[in-house]
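Heads up, input.txt below (compact mmCIF, C-alpha atoms and all ligand atoms):
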# COMPACT_ATOMS: atom_id res chain seq x y z
CA MET A 1 123.81 126.02 112.02
CA ASN A 2 123.93 122.82 114.05
CA GLN A 3 125.36 119.61 112.60
CA ARG A 4 122.32 117.42 113.21
CA VAL A 5 120.77 115.83 110.12
CA PHE A 6 117.38 114.14 109.84
CA SER A 7 115.95 112.37 106.83
CA GLY A 8 113.48 109.57 106.28
CA MET A 9 112.14 107.17 103.70
CA ARG A 10 108.80 105.45 103.59
CA PRO A 11 108.87 101.63 103.68
CA THR A 12 107.09 101.07 100.39
CA GLY A 13 109.17 98.06 99.30
CA GLN A 14 112.49 97.44 97.61
CA LEU A 15 114.56 100.53 96.87
CA HIS A 16 115.83 101.30 93.38
CA LEU A 17 118.62 103.15 91.57
CA GLY A 18 116.66 106.41 91.91
CA HIS A 19 116.71 106.16 95.70
CA LEU A 20 120.41 105.33 95.59
CA ALA A 21 121.44 108.25 93.37
CA GLY A 22 118.81 110.72 94.56
CA ALA A 23 119.09 110.23 98.31
CA LEU A 24 121.24 107.41 99.73
CA THR A 25 124.54 108.40 98.14
CA ASN A 26 124.25 111.80 99.78
CA TRP A 27 123.12 110.33 103.13
CA ILE A 28 126.17 108.03 103.11
CA LYS A 29 128.48 111.00 102.55
CA LEU A 30 126.83 112.98 105.34
CA GLN A 31 127.19 110.23 107.96
CA ASP A 32 130.95 110.88 108.15
CA GLY A 33 130.78 114.59 108.94
CA TYR A 34 127.40 115.04 110.62
CA ASP A 35 125.27 113.72 113.43
CA CYS A 36 122.72 111.88 111.27
CA PHE A 37 119.35 110.37 112.15
CA TYR A 38 117.83 108.27 109.37
CA SER A 39 114.35 106.93 109.91
CA ILE A 40 112.21 104.34 108.15
CA VAL A 41 108.98 106.29 108.48
CA ASP A 42 106.37 103.57 108.76
CA TRP A 43 103.53 105.79 110.01
CA HIS A 44 103.89 107.79 106.78
CA ALA A 45 103.54 104.63 104.70
CA LEU A 46 100.42 103.68 106.63
CA MET A 47 98.84 107.09 106.03
CA SER A 48 98.78 106.73 102.28
CA ASP A 49 98.14 102.99 102.25
CA TYR A 50 96.17 102.15 105.37
CA ALA A 51 93.98 99.71 103.48
CA ASP A 52 96.95 97.37 103.09
CA SER A 53 99.16 97.50 106.16
CA SER A 54 100.18 93.85 105.93
CA LYS A 55 103.38 94.57 104.02
CA ILE A 56 104.72 97.42 106.15
CA GLU A 57 106.79 95.23 108.45
CA SER A 58 108.46 93.26 105.66
CA ASN A 59 108.97 96.49 103.71
CA CYS A 60 110.78 98.02 106.70
CA ARG A 61 113.13 95.04 106.61
CA GLU A 62 113.74 95.48 102.85
CA VAL A 63 114.51 99.17 103.28
CA LEU A 64 116.87 98.47 106.18
CA ILE A 65 118.75 95.84 104.17
CA ASP A 66 118.98 98.21 101.18
CA TRP A 67 120.27 101.04 103.40
CA LEU A 68 122.92 98.90 105.08
CA SER A 69 123.96 97.24 101.82
CA SER A 70 124.36 100.62 100.13
CA GLY A 71 126.68 101.81 102.89
CA LEU A 72 124.74 103.39 105.74
CA ASP A 73 126.67 102.38 108.83
CA PRO A 74 124.98 102.13 112.25
CA GLU A 75 128.37 102.96 113.82
CA LYS A 76 128.26 106.36 112.09
CA CYS A 77 124.57 107.28 112.09
CA VAL A 78 121.37 106.43 113.94
CA ILE A 79 119.07 104.13 111.98
CA PHE A 80 115.60 103.53 113.39
CA VAL A 81 111.93 102.89 112.65
CA GLN A 82 109.67 105.89 113.29
CA SER A 83 106.96 103.99 115.19
CA HIS A 84 109.57 102.59 117.62
CA VAL A 85 109.88 106.14 119.00
CA PRO A 86 106.38 107.11 120.19
CA GLN A 87 107.33 110.80 120.61
CA HIS A 88 106.88 111.26 116.84
CA ALA A 89 103.14 110.81 117.31
CA GLU A 90 103.12 112.93 120.45
CA LEU A 91 104.91 115.91 118.89
CA HIS A 92 102.68 115.56 115.83
CA LEU A 93 99.71 116.20 118.11
CA ALA A 94 101.36 119.17 119.81
CA LEU A 95 102.28 120.72 116.44
CA SER A 96 98.77 120.23 115.10
CA MET A 97 97.63 122.95 117.55
CA VAL A 98 99.80 125.56 115.83
CA THR A 99 99.06 124.47 112.26
CA PRO A 100 96.38 126.50 110.47
CA LEU A 101 94.38 124.29 108.09
CA GLY A 102 95.14 126.67 105.22
CA TRP A 103 98.86 125.81 105.34
CA LEU A 104 98.03 122.16 104.73
CA GLN A 105 95.26 122.75 102.20
CA ARG A 106 97.51 125.04 100.12
CA CYS A 107 100.42 122.58 100.10
CA PRO A 108 101.22 121.82 96.41
CA THR A 109 101.84 118.09 96.93
CA TYR A 110 98.48 117.77 98.68
CA LYS A 111 96.54 119.63 95.97
CA GLU A 112 98.29 117.69 93.20
CA GLN A 113 97.77 114.25 94.71
CA ILE A 114 94.15 114.86 95.68
CA ILE A 115 93.47 115.59 92.00
CA ASN A 116 95.69 112.92 90.43
CA ILE A 117 95.50 109.84 92.64
CA GLN A 118 92.29 107.95 92.10
CA ASN A 119 93.02 104.44 93.34
CA LYS A 120 93.46 105.39 97.01
CA ASP A 121 91.16 106.98 99.54
CA LEU A 122 92.91 110.23 100.44
CA SER A 123 89.90 111.89 102.06
CA ASN A 124 91.21 111.44 105.59
CA TYR A 125 92.91 113.75 108.07
CA ALA A 126 96.18 111.78 108.00
CA PHE A 127 96.81 112.54 104.34
CA LEU A 128 96.17 116.26 104.83
CA GLY A 129 98.31 116.16 107.97
CA TYR A 130 101.31 114.45 106.34
CA PRO A 131 103.44 117.64 106.65
CA VAL A 132 102.60 117.87 110.37
CA LEU A 133 104.02 114.41 111.03
CA MET A 134 106.99 115.15 108.79
CA ALA A 135 107.67 118.32 110.79
CA ALA A 136 107.47 116.32 114.02
CA ASP A 137 110.02 113.84 112.61
CA ILE A 138 112.53 116.62 111.96
CA LEU A 139 111.86 118.88 114.95
CA LEU A 140 112.02 116.05 117.48
CA TYR A 141 115.76 115.79 116.76
CA LYS A 142 116.26 119.59 116.49
CA ALA A 143 117.85 118.85 113.12
CA GLY A 144 119.51 121.88 111.52
CA ILE A 145 119.83 120.17 108.14
CA VAL A 146 117.34 118.13 106.15
CA PRO A 147 118.62 116.57 102.92
CA VAL A 148 115.61 116.09 100.64
CA GLY A 149 114.58 116.37 97.01
CA GLU A 150 112.94 119.46 95.53
CA ASP A 151 109.57 117.68 95.86
CA GLN A 152 109.80 118.00 99.64
CA SER A 153 110.71 121.69 99.87
CA ALA A 154 107.13 122.88 100.47
CA HIS A 155 106.84 120.45 103.40
CA LEU A 156 110.05 121.78 104.87
CA GLU A 157 108.81 125.36 104.55
CA ILE A 158 105.72 124.39 106.57
CA ALA A 159 107.97 122.86 109.24
CA ARG A 160 109.91 126.14 109.46
CA GLU A 161 106.72 128.17 109.82
CA MET A 162 105.53 125.82 112.55
CA VAL A 163 108.74 126.41 114.49
CA ARG A 164 108.32 130.18 114.30
CA ARG A 165 104.70 129.95 115.38
CA PHE A 166 105.31 127.43 118.18
CA ASN A 167 108.30 129.34 119.55
CA GLY A 168 106.35 132.61 119.25
CA PHE A 169 103.59 131.23 121.47
CA PHE A 170 105.54 129.09 123.90
CA GLY A 171 109.21 130.18 123.90
CA GLU A 172 112.38 129.16 122.07
CA VAL A 173 112.15 125.38 122.17
CA LEU A 174 112.19 124.16 118.57
CA VAL A 175 114.93 124.68 115.97
CA GLU A 176 114.28 125.92 112.41
CA PRO A 177 115.66 123.33 109.98
CA GLN A 178 117.43 124.31 106.74
CA ILE A 179 116.78 122.38 103.54
CA MET A 180 119.79 120.76 101.86
CA LEU A 181 118.71 120.08 98.28
CA THR A 182 120.18 116.87 96.91
CA PRO A 183 121.97 117.90 93.71
CA THR A 184 121.20 114.78 91.66
CA PRO A 185 119.11 114.75 88.49
CA LYS A 186 116.04 112.56 88.34
CA VAL A 187 116.90 108.99 87.43
CA PRO A 188 114.53 107.81 84.69
CA GLY A 189 113.02 104.33 84.69
CA THR A 190 112.86 101.82 81.86
CA ASP A 191 109.90 103.65 80.25
CA GLY A 192 111.63 107.04 80.33
CA LYS A 193 109.43 108.47 83.12
CA LYS A 194 110.90 109.16 86.57
CA MET A 195 112.01 105.87 88.10
CA SER A 196 109.38 104.99 90.68
CA LYS A 197 108.06 101.88 92.30
CA SER A 198 104.51 102.90 91.47
CA TYR A 199 105.24 103.10 87.71
CA GLY A 200 106.68 99.56 87.59
CA ASN A 201 109.73 100.94 85.72
CA SER A 202 112.41 100.56 88.38
CA ILE A 203 115.74 98.77 88.55
CA ASN A 204 115.83 97.60 92.16
CA LEU A 205 118.92 97.29 94.32
CA ALA A 206 117.92 93.67 94.99
CA ASP A 207 117.63 92.75 91.28
CA SER A 208 119.90 89.99 89.93
CA PRO A 209 122.36 90.78 87.09
CA GLU A 210 120.00 88.97 84.69
CA ASP A 211 117.05 91.12 85.80
CA VAL A 212 119.12 94.27 85.44
CA TRP A 213 120.21 93.39 81.92
CA ASN A 214 116.68 92.40 80.86
CA LYS A 215 115.40 95.77 82.08
CA LEU A 216 118.21 97.74 80.42
CA ARG A 217 117.96 95.74 77.19
CA THR A 218 114.30 96.62 76.77
CA MET A 219 114.59 100.19 78.04
CA VAL A 220 113.27 102.95 75.76
CA THR A 221 115.83 105.11 73.89
CA ASP A 222 115.65 108.18 71.62
CA PRO A 223 112.56 107.34 69.51
CA ALA A 224 114.26 108.87 66.45
CA ARG A 225 116.66 105.90 66.37
CA GLU A 226 114.41 103.30 64.79
CA LYS A 227 117.16 101.57 62.83
CA ARG A 228 120.75 100.91 63.87
CA THR A 229 121.91 103.39 61.19
CA ASP A 230 119.67 106.27 62.38
CA PRO A 231 121.62 108.97 64.25
CA GLY A 232 120.27 109.89 67.68
CA ASP A 233 120.30 112.67 70.25
CA PRO A 234 121.63 111.62 73.66
CA GLU A 235 119.69 114.43 75.33
CA LYS A 236 116.47 112.72 74.24
CA CYS A 237 117.53 109.30 75.55
CA PRO A 238 116.81 108.09 79.12
CA VAL A 239 119.63 105.52 78.84
CA TRP A 240 122.02 108.46 78.42
CA ASP A 241 120.53 110.08 81.55
CA ILE A 242 121.48 106.95 83.51
CA HIS A 243 124.98 107.01 81.98
CA LYS A 244 125.32 110.55 83.32
CA VAL A 245 124.58 109.32 86.84
CA PHE A 246 126.45 106.00 86.98
CA ASN A 247 129.17 106.07 84.27
CA ASN A 248 132.33 107.38 85.94
CA SER A 249 134.41 107.56 82.75
CA ASP A 250 134.22 110.95 81.05
CA SER A 251 136.13 109.74 78.00
CA GLU A 252 133.77 106.78 77.51
CA LYS A 253 130.74 109.04 77.93
CA ALA A 254 132.13 111.43 75.28
CA GLU A 255 132.62 108.47 72.89
CA ILE A 256 129.10 107.21 73.51
CA ALA A 257 127.48 110.61 72.98
CA GLU A 258 129.44 111.13 69.76
CA GLY A 259 128.69 107.55 68.65
CA CYS A 260 124.98 108.11 69.22
CA ARG A 261 124.92 111.37 67.23
CA THR A 262 126.76 109.77 64.28
CA ALA A 263 125.14 106.32 64.52
CA GLY A 264 128.66 105.02 65.19
CA ILE A 265 127.33 102.82 68.01
CA GLY A 266 123.93 101.20 68.38
CA CYS A 267 121.59 101.40 71.37
CA VAL A 268 122.39 97.84 72.41
CA ASP A 269 126.13 98.60 72.57
CA CYS A 270 125.41 101.74 74.57
CA LYS A 271 123.31 99.71 77.00
CA LYS A 272 126.02 97.04 77.33
CA LYS A 273 128.46 99.75 78.37
CA LEU A 274 125.97 101.12 80.86
CA LYS A 275 125.44 97.65 82.32
CA VAL A 276 129.14 97.47 83.25
CA HIS A 277 128.86 100.67 85.30
CA VAL A 278 125.55 99.76 86.92
CA GLU A 279 126.97 96.36 87.89
CA ARG A 280 130.14 97.99 89.31
CA VAL A 281 127.83 99.91 91.65
CA MET A 282 125.37 97.11 92.33
CA ASN A 283 127.71 94.13 92.89
CA PRO A 284 129.03 95.21 96.29
CA ILE A 285 125.46 96.07 97.33
CA ARG A 286 124.33 92.56 96.35
CA GLU A 287 127.14 90.97 98.33
CA LYS A 288 126.23 92.87 101.47
CA ARG A 289 122.54 92.09 100.93
CA ALA A 290 123.35 88.37 100.89
CA TYR A 291 125.25 88.80 104.17
CA TYR A 292 122.34 90.53 105.94
CA GLU A 293 119.83 88.03 104.61
CA LYS A 294 121.94 85.28 106.22
CA ASN A 295 122.17 87.22 109.51
CA PRO A 296 118.64 88.43 110.24
CA ASP A 297 119.33 88.80 113.98
CA LEU A 298 121.68 91.67 113.19
CA LEU A 299 118.80 93.63 111.66
CA GLY A 300 116.75 93.48 114.84
CA ASP A 301 119.77 94.49 116.92
CA ILE A 302 120.47 97.52 114.71
CA LEU A 303 116.87 98.74 114.96
CA ARG A 304 116.70 98.19 118.73
CA GLU A 305 119.90 100.13 119.27
CA GLY A 306 118.72 102.86 116.89
CA ALA A 307 115.44 103.24 118.77
CA VAL A 308 117.34 103.61 122.07
CA LYS A 309 119.59 106.37 120.67
CA ALA A 310 116.78 108.19 118.84
CA GLY A 311 114.45 107.75 121.81
CA ALA A 312 116.87 109.47 124.19
CA VAL A 313 116.94 112.62 122.03
CA ALA A 314 113.21 112.47 121.31
CA ARG A 315 112.24 112.21 124.99
CA LYS A 316 114.39 115.19 125.88
CA THR A 317 112.78 117.38 123.21
CA MET A 318 109.29 116.20 124.11
CA ASP A 319 109.91 116.98 127.79
CA GLU A 320 110.88 120.53 126.79
CA VAL A 321 107.82 120.85 124.56
CA VAL A 322 105.46 119.72 127.30
CA ALA A 323 107.13 122.05 129.82
CA ALA A 324 106.79 124.95 127.35
CA LEU A 325 103.11 124.15 126.86
CA GLY A 326 102.80 124.51 130.62
CA PHE A 327 101.55 121.14 131.77
P1 LIG B 1 108.56 108.79 99.21
O1 LIG B 1 109.13 107.58 99.88
O2 LIG B 1 108.60 110.04 100.03
O3 LIG B 1 107.28 108.56 98.50
P2 LIG B 1 110.10 108.26 96.95
O4 LIG B 1 109.85 106.81 97.15
O5 LIG B 1 109.65 108.89 95.68
O6 LIG B 1 109.54 109.15 98.09
O7 LIG B 1 111.68 108.51 97.13
C1 LIG B 1 112.31 109.02 98.25
C2 LIG B 1 113.44 109.93 97.82
O8 LIG B 1 114.31 109.21 96.94
C3 LIG B 1 112.95 111.13 97.01
O9 LIG B 1 112.66 112.25 97.79
C4 LIG B 1 114.14 111.40 96.09
O10 LIG B 1 115.11 112.18 96.77
C5 LIG B 1 114.73 110.02 95.87
N1 LIG B 1 114.27 109.46 94.59
C6 LIG B 1 113.27 108.56 94.40
N2 LIG B 1 113.14 108.24 93.10
C7 LIG B 1 114.07 108.96 92.44
C8 LIG B 1 114.45 109.08 91.07
N3 LIG B 1 113.83 108.38 90.11
N4 LIG B 1 115.47 109.91 90.75
C9 LIG B 1 116.11 110.62 91.72
N5 LIG B 1 115.81 110.55 93.01
C10 LIG B 1 114.80 109.74 93.39
NA NA B 2 128.05 110.68 111.93

I'd like the structure from this file rewritten - as structure tokens, please.
Amino acid sequence: MNQRVFSGMRPTGQLHLGHLAGALTNWIKLQDGYDCFYSIVDWHALMSDYADSSKIESNCREVLIDWLSSGLDPEKCVIFVQSHVPQHAELHLALSMVTPLGWLQRCPTYKEQIINIQNKDLSNYAFLGYPVLMAADILLYKAGIVPVGEDQSAHLEIAREMVRRFNGFFGEVLVEPQIMLTPTPKVPGTDGKKMSKSYGNSINLADSPEDVWNKLRTMVTDPAREKRTDPGDPEKCPVWDIHKVFNNSDSEKAEIAEGCRTAGIGCVDCKKKLKVHVERVMNPIREKRAYYEKNPDLLGDILREGAVKAGAVARKTMDEVVAALGF
């Protein structure tokens, strides 16, 4: 297996603790041992939100600042914006030739979103073709490894089938990527559902300490604990789920779980302890964010350099693809 990694994130706005625990922490580890390409995939954001493209550019900037502040290092990995490398769109077109419609129509994320999302117009080709562009993103870099969440595994399977079909027709040009499942549990938001920007329940990396505490303070807990003296069940409490991700003290966690079960500590005390751990993680991120906000020229330089490095690899692959197609 080759040591090339590709992963991307859509520029949908400020990132939150779910992105940090569920994706970025792993990406940051990988940048030391692997040849990583991390892309802010702006075309993908446009596909699901074409009616409001005005925020995409500022959202790219937010995502870049969040990535850098969390610890992605442009000296160790390639950081770039998808649309700055036009070969993504070109390979997407080439792959569309070898993609039977049935693969896309049967994709679980497509079927689910077509049924569940009512406030967006999803009746366009781009939405159906999302996995084709995602495959192009990965295959352009001949990535052997793609670190993603479980939710993306069907898309990756389609990418692998495309490689087999393309190579079967035109020769061994593309590389079959392997999925690397990120082993982090879902981070719940303040309402107990999965933390997500679209649910309005997120603790964002750019939030101030006051914002963080206000969100934690009002976060839902085990509903059985109505009064301070009611015992609770940590396994039914989303605050406990966040402890499991961000609290690095096993002895404190054991005390908290026991205290919850016996009503020895209240929910507010439990949240105050969690705040300490969340702030330990978030404070250095905030400091770096302030630095990048004061040095906006750096951001442009990083993306320009990233596009040059990514573009060199992308052009080489695309040249091979076009040669294989025979024109
Ligand atoms: P997309 O940008 O593809 O719509 P999301 O914004 O949901 O996806 O998040 C990108 C990635 O960040 C996900 O694939 C997942 O790995 C991670 N992630 C997002 N939210 C959470 C969460 N609440 N808990 C754990 N991981 C999360
Ligand atoms: Na690296």

Check: Do you know which residues are within 12 Å of ligand NA 2 (chain B) using all atoms listed in the file? Can you write them as a list of chain:residue names?
Finding: A:Gln3, A:Arg4, A:Val5, A:Phe6, A:Trp27, A:Ile28, A:Lys29, A:Leu30, A:Gln31, A:Asp32, A:Gly33, A:Tyr34, A:Asp35, A:Cys36, A:Phe37, A:Tyr38, A:Leu72, A:Asp73, A:Pro74, A:Glu75, A:Lys76, A:Cys77, A:Val78, A:Ile79

Take the residues from that selection and put them in a file with C-alpha atoms, as a PDB file, in the frame of the given file.
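That gives us again32.pdb:
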ATOM      1  CA  GLN A   3     125.360 119.610 112.600  1.00  0.00           C
ATOM      2  CA  ARG A   4     122.320 117.420 113.210  1.00  0.00           C
ATOM      3  CA  VAL A   5     120.770 115.830 110.120  1.00  0.00           C
ATOM      4  CA  PHE A   6     117.380 114.140 109.840  1.00  0.00           C
ATOM      5  CA  TRP A  27     123.120 110.330 103.130  1.00  0.00           C
ATOM      6  CA  ILE A  28     126.170 108.030 103.110  1.00  0.00           C
ATOM      7  CA  LYS A  29     128.480 111.000 102.550  1.00  0.00           C
ATOM      8  CA  LEU A  30     126.830 112.980 105.340  1.00  0.00           C
ATOM      9  CA  GLN A  31     127.190 110.230 107.960  1.00  0.00           C
ATOM     10  CA  ASP A  32     130.950 110.880 108.150  1.00  0.00           C
ATOM     11  CA  GLY A  33     130.780 114.590 108.940  1.00  0.00           C
ATOM     12  CA  TYR A  34     127.400 115.040 110.620  1.00  0.00           C
ATOM     13  CA  ASP A  35     125.270 113.720 113.430  1.00  0.00           C
ATOM     14  CA  CYS A  36     122.720 111.880 111.270  1.00  0.00           C
ATOM     15  CA  PHE A  37     119.350 110.370 112.150  1.00  0.00           C
ATOM     16  CA  TYR A  38     117.830 108.270 109.370  1.00  0.00           C
ATOM     17  CA  LEU A  72     124.740 103.390 105.740  1.00  0.00           C
ATOM     18  CA  ASP A  73     126.670 102.380 108.830  1.00  0.00           C
ATOM     19  CA  PRO A  74     124.980 102.130 112.250  1.00  0.00           C
ATOM     20  CA  GLU A  75     128.370 102.960 113.820  1.00  0.00           C
ATOM     21  CA  LYS A  76     128.260 106.360 112.090  1.00  0.00           C
ATOM     22  CA  CYS A  77     124.570 107.280 112.090  1.00  0.00           C
ATOM     23  CA  VAL A  78     121.370 106.430 113.940  1.00  0.00           C
ATOM     24  CA  ILE A  79     119.070 104.130 111.980  1.00  0.00           C
TER      25      ILE A  79
END

Note to self: I'd like to know which of A:His155, A:His243, A:Lys194, A:His88 is closest to ligand LIG 1 (chain B), using only C-alpha atoms and all ligand atoms.
What the structure shows: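 The shortest atom-to-atom distance to ligand LIG 1 (chain B) comes from A:Lys194.
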
Any residue with an atom at most 10 Å from ligand LIG 1 (chain B) counts, using all atoms listed in the file. Which are they? Put them as a CSV table (one decimal) with C-alpha atoms, in the frame of the given file.
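Now in result-v7.csv:
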chain,number,residue,atom,x,y,z
A,7,SER,CA,116.0,112.4,106.8
A,8,GLY,CA,113.5,109.6,106.3
A,9,MET,CA,112.1,107.2,103.7
A,10,ARG,CA,108.8,105.4,103.6
A,11,PRO,CA,108.9,101.6,103.7
A,12,THR,CA,107.1,101.1,100.4
A,13,GLY,CA,109.2,98.1,99.3
A,14,GLN,CA,112.5,97.4,97.6
A,15,LEU,CA,114.6,100.5,96.9
A,16,HIS,CA,115.8,101.3,93.4
A,17,LEU,CA,118.6,103.2,91.6
A,18,GLY,CA,116.7,106.4,91.9
A,19,HIS,CA,116.7,106.2,95.7
A,20,LEU,CA,120.4,105.3,95.6
A,21,ALA,CA,121.4,108.2,93.4
A,22,GLY,CA,118.8,110.7,94.6
A,23,ALA,CA,119.1,110.2,98.3
A,24,LEU,CA,121.2,107.4,99.7
A,26,ASN,CA,124.2,111.8,99.8
A,40,ILE,CA,112.2,104.3,108.2
A,41,VAL,CA,109.0,106.3,108.5
A,44,HIS,CA,103.9,107.8,106.8
A,45,ALA,CA,103.5,104.6,104.7
A,48,SER,CA,98.8,106.7,102.3
A,147,PRO,CA,118.6,116.6,102.9
A,148,VAL,CA,115.6,116.1,100.6
A,149,GLY,CA,114.6,116.4,97.0
A,150,GLU,CA,112.9,119.5,95.5
A,151,ASP,CA,109.6,117.7,95.9
A,152,GLN,CA,109.8,118.0,99.6
A,153,SER,CA,110.7,121.7,99.9
A,181,LEU,CA,118.7,120.1,98.3
A,182,THR,CA,120.2,116.9,96.9
A,183,PRO,CA,122.0,117.9,93.7
A,184,THR,CA,121.2,114.8,91.7
A,185,PRO,CA,119.1,114.8,88.5
A,186,LYS,CA,116.0,112.6,88.3
A,187,VAL,CA,116.9,109.0,87.4
A,188,PRO,CA,114.5,107.8,84.7
A,189,GLY,CA,113.0,104.3,84.7
A,193,LYS,CA,109.4,108.5,83.1
A,194,LYS,CA,110.9,109.2,86.6
A,195,MET,CA,112.0,105.9,88.1
A,196,SER,CA,109.4,105.0,90.7
A,197,LYS,CA,108.1,101.9,92.3
A,198,SER,CA,104.5,102.9,91.5
A,201,ASN,CA,109.7,100.9,85.7
A,202,SER,CA,112.4,100.6,88.4
A,203,ILE,CA,115.7,98.8,88.6
A,242,ILE,CA,121.5,107.0,83.5
A,245,VAL,CA,124.6,109.3,86.8

Note to self: Taking all atoms listed in the file into account, name the residue in A:Ile158, A:Asp222, A:Leu274, A:Pro86 that is nearest to Leu101 in chain A.
What the structure shows: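 When distances to Leu101 in chain A are compared using all atoms listed in the file, the smallest one comes from A:Ile158.
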
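Of the listed residues (A:Val175, A:Ala307, A:Ile285, A:Met97), A:Val175 comes nearest to Asn2 in chain A; the distances count only C-alpha atoms.
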
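Note that CA of Ile179 in chain A and CA of Lys111 in chain A are 21.8 Å apart.
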
Margin query: Can you pull out the residues contacting range 234-241 of chain A? Cut-off 6 Å, using all atoms listed in the file, and skip same-chain residues under 5 positions away; I want them as an MDAnalysis selection string.
Written below: chainID A and resid 192 221:222 257

Next item on the list: Measure the distance from CA of Lys288 in chain A to CA of Ser53 in chain A in Å and round it to one decimal.
Entry: 27.9 Å

Checklist line | Selected residue, from A:Met318, A:Leu128, A:Lys271, A:Leu216, that lies nearest to Pro108 in chain A when counting only C-alpha atoms | finding: A:Leu128
